[in-house]
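To start, the structure itself, in structure tokens.
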Amino acid sequence: MPAVPRSSRAARPAGVPQVRRLVPALLAGALLATTAGCADSGDPAAAEVPAEGAPSTAAPTTTPSAYPLTLDNCGVEVTFDAPPERVVTIKSSATELLLALGVGDRIVGTGFPDGPAPAEYADAAAALPVLSDRVPAAEVVLEAEPDLVYAGWESNLTADAAGDRAMLAELGVATYVAPSACKDPAYQPDRLTFDLVFAEIAEVAAIMGVPEAAEALVAEQEAALAEVTPDDRGLTALWYSSGTDVPYVGAGIGAPQMIMDAVGLTNIAAGVEDTWTSFSWEQVAADDPDVIVLVDAAWNTAEAKKELLAGNPATANLTAVVNERYVVIPFAAAEAGVRNVPATVDLAEQLAALDLG
Amino acid sequence: MSLRVDGVRWTVAQRAVLDGVTATAPGGRLTGLLGPNGAGKSSLLRAVAGVLAPEAGTFTLDAVDLAGLPRRERARRIALVEQEAAASVPLTVAEAVLIGRTPHASRWGGHTTADDAAVASAIAEAGVGDLAQRSLGTLSGGERQRAHLARALAQDPQLLLLDEPTNHLDVHARIELLDLLGRLTDRGVTVVAALHDLNLAASACDHLILLDRGRVAAEGTVDEVLRPEVLEPVYRVRCHLLSHPVTGRPVLTFS
Amino acid sequence: MTAPPPTGVRPADALGARPSDAVGRRRTGPWLAVATAALLVSVTLAVTVGPADLAPLDVWRSVADHVAALGGTSSGEPALGVLRDGIVWDLRLPRVLTAAAVGAGLAIAGAVMQGLTRNPLADPYLLGLSSGASLGAVAVLVLGVGVLLPVAAFVGAVLAMGAALGLAGSLGRITPARTVLAGLAVAQLCSAGTSFVIFWSATGDSYREILSWLMGSLAGARWPAVAISLGAVLVLGTGLALQGRTLDAFAFGDTAAAALGVDVQRTRWVMLTVVALLTGALVAVSGSIGFVGLILPHGVRLLVGSSHRRLLPLSALTGATFLVWADTAARTVFEPRELPVGIVTAFLGAPVFALLLWQRRSAAGDLA
């Protein structure tokens, strides 16, 4: 439930879990990929990261001096002595990021997918073992014997979900939450930007020991992003995610705002300091946005939303509804991750094709 | 307006609470209903009022078979004052007395001047005029008893049934109550009161019915019923009869 | 314990001269007039309040135009412009009217339930109604057929009531205590079912709608909702309000009521059923809005006493006004965001009731 933030603030373990080293490291920033860590005598091959049955060889592209890698992830300090070999991913954004970095072979289980993977990873995704359609329980996760659980939402890592971070750490399982999804004000980005998304890609790549893959990917996405010309017609827009009586819309500081800024749309809910927010149809009617961005999810399709808007007397007379000025974005692309840039490019194309006559 | 009870039987959980009760309460008189605890006094009164339905037997009021009457009609003729009505009802005395007019209210519950007049006279008659705007919860036990009596009077009944009406009353109030009952019988209202206090019954009642384990053990005048040989098997105490120095009525002592 | 005679007491014989004072008939009329006026003023004002910036005169003119159009004398294009006119006629007005109807219905249903069960903690949802409605609503929300929600909620409510009454009746005569217990049992069962459905199959998005519905919300009130709620209140609510005297007869217990000529079992069944139908209709439209049915009748009792002849109509009027303002607050305090109105009713209502209780300390002792 995104509306109920689960803080792992209290998850600092009392004891010293096995993954932690005695070297204190307070790296609060996200740009750790190129930090050459202290040249400790720790041998990555004999790392304290227990990975039963996993080969103890380091990944070929790792320079040994990148480890041990310590970072502050949503307020929890996590240390990696070697690249994780067995990863459980929760939510599509996590799965797809690893696939995009080319380390999909290290995924031992996925959970809670938001929808089908994009075409370029579809085959690889289909081969991945699925632990659960919803958040997998802690036991199921542990049964897969991971050394890292990579969660797309902070609430995935709680006791009644996949297990709280302290408990997993004590068992030698590292946990990582997508930084853009942190709910604590100290860690939640004031405003999500593509740079932050790229930094997240880079950080994950550093953890996995494949920084070059991140560099390539980020360069590719930056180039694609640079090609996008923001629309200059000064259009206002509503990012309509869900809700019938009370619309749930993209607000001012999250991925929806980031994408709308990139394509040149002014968000009518930009004033609300949240990632998404509940809104009111009356305000929508008063603002009468030029364009409506429809989020397409399997359980709540864009088509269904169009019918709803046309059928509701309160919205049927909106300019955008009468003239069917809709652009569509898949649900998974609204989470911070590798899909943001392709979705932005696609959205810009849809917008350019929109005839506002 | 005499009340005739004929062969009434009522069973609860295989126990015959009323086991063939046949008796008469003469019209316009005060009849005392006597008997030890569990004899069936309260049940009989409730059966007369139509609150519970006996398996067998009839009730006749002034030659009218009560079973044939619709409920409201029955309630217009018969009023019941219970032993212990709920104490903490948040109503004023006047509002409570108005509730007594329910059987006379029209289908959709209008509030008529006839209601107001009946309420006012009932309040006056029961002597609760000073308390009319007081809330029931603030009254003493005796005052509440009189308020409930006023409610019964507001029903304008031909037959008034009272279940242990003197329980909460002090000596003065008891005498007052008996005076009131006397005025009612003078007006022609038939009153049947279940009583614990045999001496009270002796001093005020015109007619007595003695119940024992669901049956009528004795019925008749005060002199006929209040004899040691009648009472001792029923109450199972030794009983001595004296004569009241002023009224000449029987006075009973026990050992 | 003797109290001094109240000041201004009339001697017994003078009571005959002014009998209406004895039962305080004079008190009812003014209260009813004030309450009705307050409701009308509230509705008129609430329609002009909202996130969109509309001048009150424009709002009233828009409403007048529509009403005239209904009557056949149409003036063509709305003066405000189609969208802004739509805000008034399609969003605000139906919502305010629904709030009034739901508030009235819940308050009167709550008062009747409290009278029928002689339990001050009774509310309209006693027979498991809101839990049954929630189960029905959540089921369709999760299945994605939200359009069936009012029907499912109503069916759920009625089925729950049937189960509760059936359970209470199967134990023998229906008594107040059995009614309460049976209702609790059914409510718990439906609650468990609702939680299970939510846990098992709700996706991230539908949590929000479910939560909003469970807390009670008028955000979806359009003209069909007005028809349902107003119709239910006018038909069923009025029927209940006219039973004030019968309900008073229950005040001293079942025996006294029977001795007053009331068919206790039948009356209880019929009134419970009417309350259930009314509540079911309201819950179908607005979700389970709490507080109104439970506390509002008590508040009205503190002001005018417990006689149901007064209590029922006044509860309805006060409930309507209260919910109109609560909903107005829900949709404007955090604009452009909206709160479910159930949150506001609890926040607003509890302190108001505490204040009333404190002011009327002497009368409060009778509420037990």
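To be explicit about the labels: the chains of the structure tokens are called A, B, and onward in the order shown, and within each one the residues are counted from 1, while ligands get numbers from 1 in the order they are shown.
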Cut-off 8 Å: closest chain A/chain C atom pairs per residue, using only C-alpha atoms, as a Markdown table:
```
| residue | atom | partner | partner_atom | distance |
| --- | --- | --- | --- | --- |
| A:Met1 | CA | C:Gly204 | CA | 5.9 |
| A:Pro2 | CA | C:Gly204 | CA | 7.5 |
| A:Ala3 | CA | C:Arg208 | CA | 7.9 |
| A:Ser242 | CA | C:Asp205 | CA | 6.6 |
| A:Gly243 | CA | C:Glu209 | CA | 6.6 |
| A:Thr244 | CA | C:Gly220 | CA | 7.6 |
| A:Asp245 | CA | C:Gly220 | CA | 4.3 |
| A:Val246 | CA | C:Ala219 | CA | 6.2 |
| A:Thr277 | CA | C:Arg337 | CA | 7.2 |
| A:Ser278 | CA | C:Arg337 | CA | 5.4 |
| A:Phe279 | CA | C:Arg337 | CA | 4.5 |
| A:Ser280 | CA | C:Pro336 | CA | 5.9 |
| A:Glu282 | CA | C:Ile87 | CA | 6.0 |
| A:Gln283 | CA | C:Ala52 | CA | 5.8 |
| A:Ala285 | CA | C:Leu83 | CA | 6.3 |
| A:Ala286 | CA | C:Ala52 | CA | 5.4 |
| A:Trp299 | CA | C:Gly144 | CA | 7.5 |
| A:Pro313 | CA | C:Asp90 | CA | 6.3 |
| A:Ala314 | CA | C:Asp90 | CA | 5.4 |
| A:Asn317 | CA | C:Leu83 | CA | 6.1 |
| A:Leu318 | CA | C:Leu83 | CA | 6.7 |
```
Running DSSP on the backbone, which parts of stretch 76-229 of chain A land in alpha helix (DSSP H), as a PyMOL selection string?
chain A and resi 92-100+122-126+138-143+165-170+194-208+211-227
So that I can check the surroundings of stretch 331-341 of chain A, please list as an MDAnalysis selection string every protein, DNA and RNA residue that reaches within 7 Å of it, counting only C-alpha atoms and ignoring chain neighbours fewer than 6 positions away.
chainID A and resid 92:93 97 114:115 180 197 221 225 255:256 295:297
Expected file contents, prior selection, N, CA and C atoms, as a compact mmCIF listing (two decimals), in the first residue's frame:
```
# COMPACT_ATOMS: atom_id res chain seq x y z
N SER A 92 8.52 -5.35 -10.81
CA SER A 92 9.09 -5.37 -12.16
C SER A 92 10.29 -4.45 -12.28
N SER A 93 10.25 -3.30 -11.61
CA SER A 93 11.35 -2.35 -11.80
C SER A 93 12.68 -2.97 -11.41
N LEU A 97 15.61 -3.97 -14.19
CA LEU A 97 16.90 -3.29 -14.09
C LEU A 97 18.03 -4.30 -14.18
N ASP A 114 4.60 -6.29 -12.08
CA ASP A 114 3.56 -5.30 -12.37
C ASP A 114 2.93 -5.53 -13.72
N GLY A 115 3.49 -6.43 -14.50
CA GLY A 115 2.96 -6.64 -15.83
C GLY A 115 4.01 -7.36 -16.65
N SER A 180 14.64 5.57 -4.98
CA SER A 180 13.57 6.53 -5.28
C SER A 180 12.28 6.20 -4.54
N VAL A 197 17.50 8.67 -11.40
CA VAL A 197 17.21 7.33 -11.91
C VAL A 197 18.49 6.69 -12.43
N GLN A 221 20.54 5.66 -22.64
CA GLN A 221 19.29 6.32 -22.27
C GLN A 221 19.43 7.84 -22.31
N LEU A 225 17.11 10.31 -24.38
CA LEU A 225 16.40 11.41 -23.71
C LEU A 225 16.71 12.74 -24.38
N ALA A 255 7.78 10.15 -10.31
CA ALA A 255 8.05 9.81 -11.71
C ALA A 255 7.08 10.49 -12.67
N PRO A 256 5.78 10.56 -12.34
CA PRO A 256 4.89 11.24 -13.29
C PRO A 256 5.34 12.68 -13.59
N VAL A 295 -2.83 5.89 -17.38
CA VAL A 295 -1.94 4.80 -17.00
C VAL A 295 -2.62 3.49 -17.33
N ASP A 296 -1.94 2.65 -18.07
CA ASP A 296 -2.51 1.39 -18.53
C ASP A 296 -1.99 0.25 -17.68
N ALA A 297 -2.86 -0.37 -16.90
CA ALA A 297 -2.47 -1.53 -16.10
C ALA A 297 -3.39 -2.68 -16.45
```
When the cut-off is 8 Å and we count only C-alpha atoms, which residues of chain B are near chain C, given as a VMD selection string?
chain B and resid 46 49 to 51 71 to 76 78 to 82 85 to 86 88 to 91 94 to 95 98 to 100 102 to 103 108 to 109 113 116 to 117 119 to 121 123 to 124 127 to 133 135 137 139 to 140
Would you mind listing what lies within 8 Å of B:Val5 as a PDB file with C-alpha atoms, in the first residue's frame, with only C-alpha atoms counted and same-chain residues fewer than 3 positions away left out?
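Final output, result_14.pdb:
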```pdb
ATOM      1  CA  VAL B   8     -55.938 -20.868  32.936  1.00  0.00           C
ATOM      2  CA  VAL B  21     -56.517 -21.136  37.849  1.00  0.00           C
ATOM      3  CA  THR B  22     -60.185 -20.270  38.215  1.00  0.00           C
ATOM      4  CA  ALA B  23     -61.214 -17.183  40.145  1.00  0.00           C
ATOM      5  CA  THR B  24     -63.250 -14.015  40.038  1.00  0.00           C
ATOM      6  CA  GLY B  57     -58.303 -21.077  29.840  1.00  0.00           C
ATOM      7  CA  THR B  58     -60.238 -17.888  29.296  1.00  0.00           C
ATOM      8  CA  PHE B  59     -60.372 -14.404  30.705  1.00  0.00           C
ATOM      9  CA  THR B  60     -63.628 -12.552  30.726  1.00  0.00           C
TER      10      THR B  60
END
```
I'd like the interatomic distance between atom CA of C:Leu116 and atom CA of C:Leu272, to a tenth of an Å.
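Spanning atom CA of C:Leu116 to atom CA of C:Leu272 is a straight-line distance of 8.1 Å.
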Contact residues around stretch 204-210 of chain B with only C-alpha atoms at 6 Å, ignoring same-chain residues under 6 positions, as JSON, numbers by chain:
{"B": [30, 31, 32, 33, 34, 35, 216, 217, 218, 219, 220, 221]}
Could the residues in this selection be written to a file with N, CA and C atoms, as a JSON list (two decimals), in the first residue's frame?
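out.json was written with the following content:
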```json
[["chain", "number", "residue", "atom", "x", "y", "z"],
["B", 30, "LEU", "N", -61.59, -3.86, 45.26],
["B", 30, "LEU", "CA", -60.16, -4.14, 45.33],
["B", 30, "LEU", "C", -59.97, -5.59, 45.70],
["B", 31, "THR", "N", -59.37, -6.34, 44.80],
["B", 31, "THR", "CA", -59.11, -7.75, 45.05],
["B", 31, "THR", "C", -57.63, -7.93, 45.31],
["B", 32, "GLY", "N", -57.30, -8.62, 46.39],
["B", 32, "GLY", "CA", -55.90, -8.89, 46.68],
["B", 32, "GLY", "C", -55.51, -10.26, 46.16],
["B", 33, "LEU", "N", -54.37, -10.36, 45.52],
["B", 33, "LEU", "CA", -53.86, -11.62, 44.99],
["B", 33, "LEU", "C", -52.70, -12.01, 45.89],
["B", 34, "LEU", "N", -52.88, -13.10, 46.62],
["B", 34, "LEU", "CA", -51.89, -13.47, 47.62],
["B", 34, "LEU", "C", -51.21, -14.77, 47.24],
["B", 35, "GLY", "N", -50.11, -15.01, 47.91],
["B", 35, "GLY", "CA", -49.43, -16.28, 47.69],
["B", 35, "GLY", "C", -47.94, -16.11, 47.91],
["B", 216, "VAL", "N", -55.45, -22.12, 42.73],
["B", 216, "VAL", "CA", -56.14, -21.31, 43.72],
["B", 216, "VAL", "C", -56.35, -22.14, 44.98],
["B", 217, "ALA", "N", -55.71, -21.70, 46.06],
["B", 217, "ALA", "CA", -55.87, -22.44, 47.32],
["B", 217, "ALA", "C", -57.10, -21.98, 48.09],
["B", 218, "ALA", "N", -57.44, -20.70, 47.91],
["B", 218, "ALA", "CA", -58.62, -20.21, 48.62],
["B", 218, "ALA", "C", -59.09, -18.94, 47.94],
["B", 219, "GLU", "N", -60.35, -18.65, 48.04],
["B", 219, "GLU", "CA", -60.89, -17.42, 47.46],
["B", 219, "GLU", "C", -62.10, -17.00, 48.28],
["B", 220, "GLY", "N", -62.17, -15.69, 48.53],
["B", 220, "GLY", "CA", -63.35, -15.24, 49.28],
["B", 220, "GLY", "C", -63.10, -13.92, 49.96],
["B", 221, "THR", "N", -63.86, -13.65, 51.02],
["B", 221, "THR", "CA", -63.68, -12.40, 51.75],
["B", 221, "THR", "C", -62.45, -12.52, 52.62]]
```
To test your reading of the structure, identify every residue in stretch 5-253 of chain B that backbone DSSP assigns to strand (DSSP E or B), and report it as a PyMOL selection string.
chain B and resi 5-12+15-25+30-34+56-61+64-65+78-81+92+135+159-163+190-194+207-212+215-220+239-243+250-253
Coordinates-based distance that separates atom CA of C:Leu184 from atom CA of C:Phe199 (Å, one decimal):
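About the pair atom CA of C:Phe199 and atom CA of C:Leu184: they are 22.2 Å apart.
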From A:Met208, A:Val88, A:Leu347, A:Leu128, residue lying nearest A:Val140 [only C-alpha atoms]:
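Selected residue with least distance to A:Val140: A:Val88.
Within the 8 Å cut-off around A:Asp231, using only C-alpha atoms and omitting residues fewer than 2 positions from it on the same chain, the listed residues are Thr229, Arg233, Gly234, Leu235, Val263, Gly264, Leu265, Ala348, Leu351 and Ala352 of chain A.
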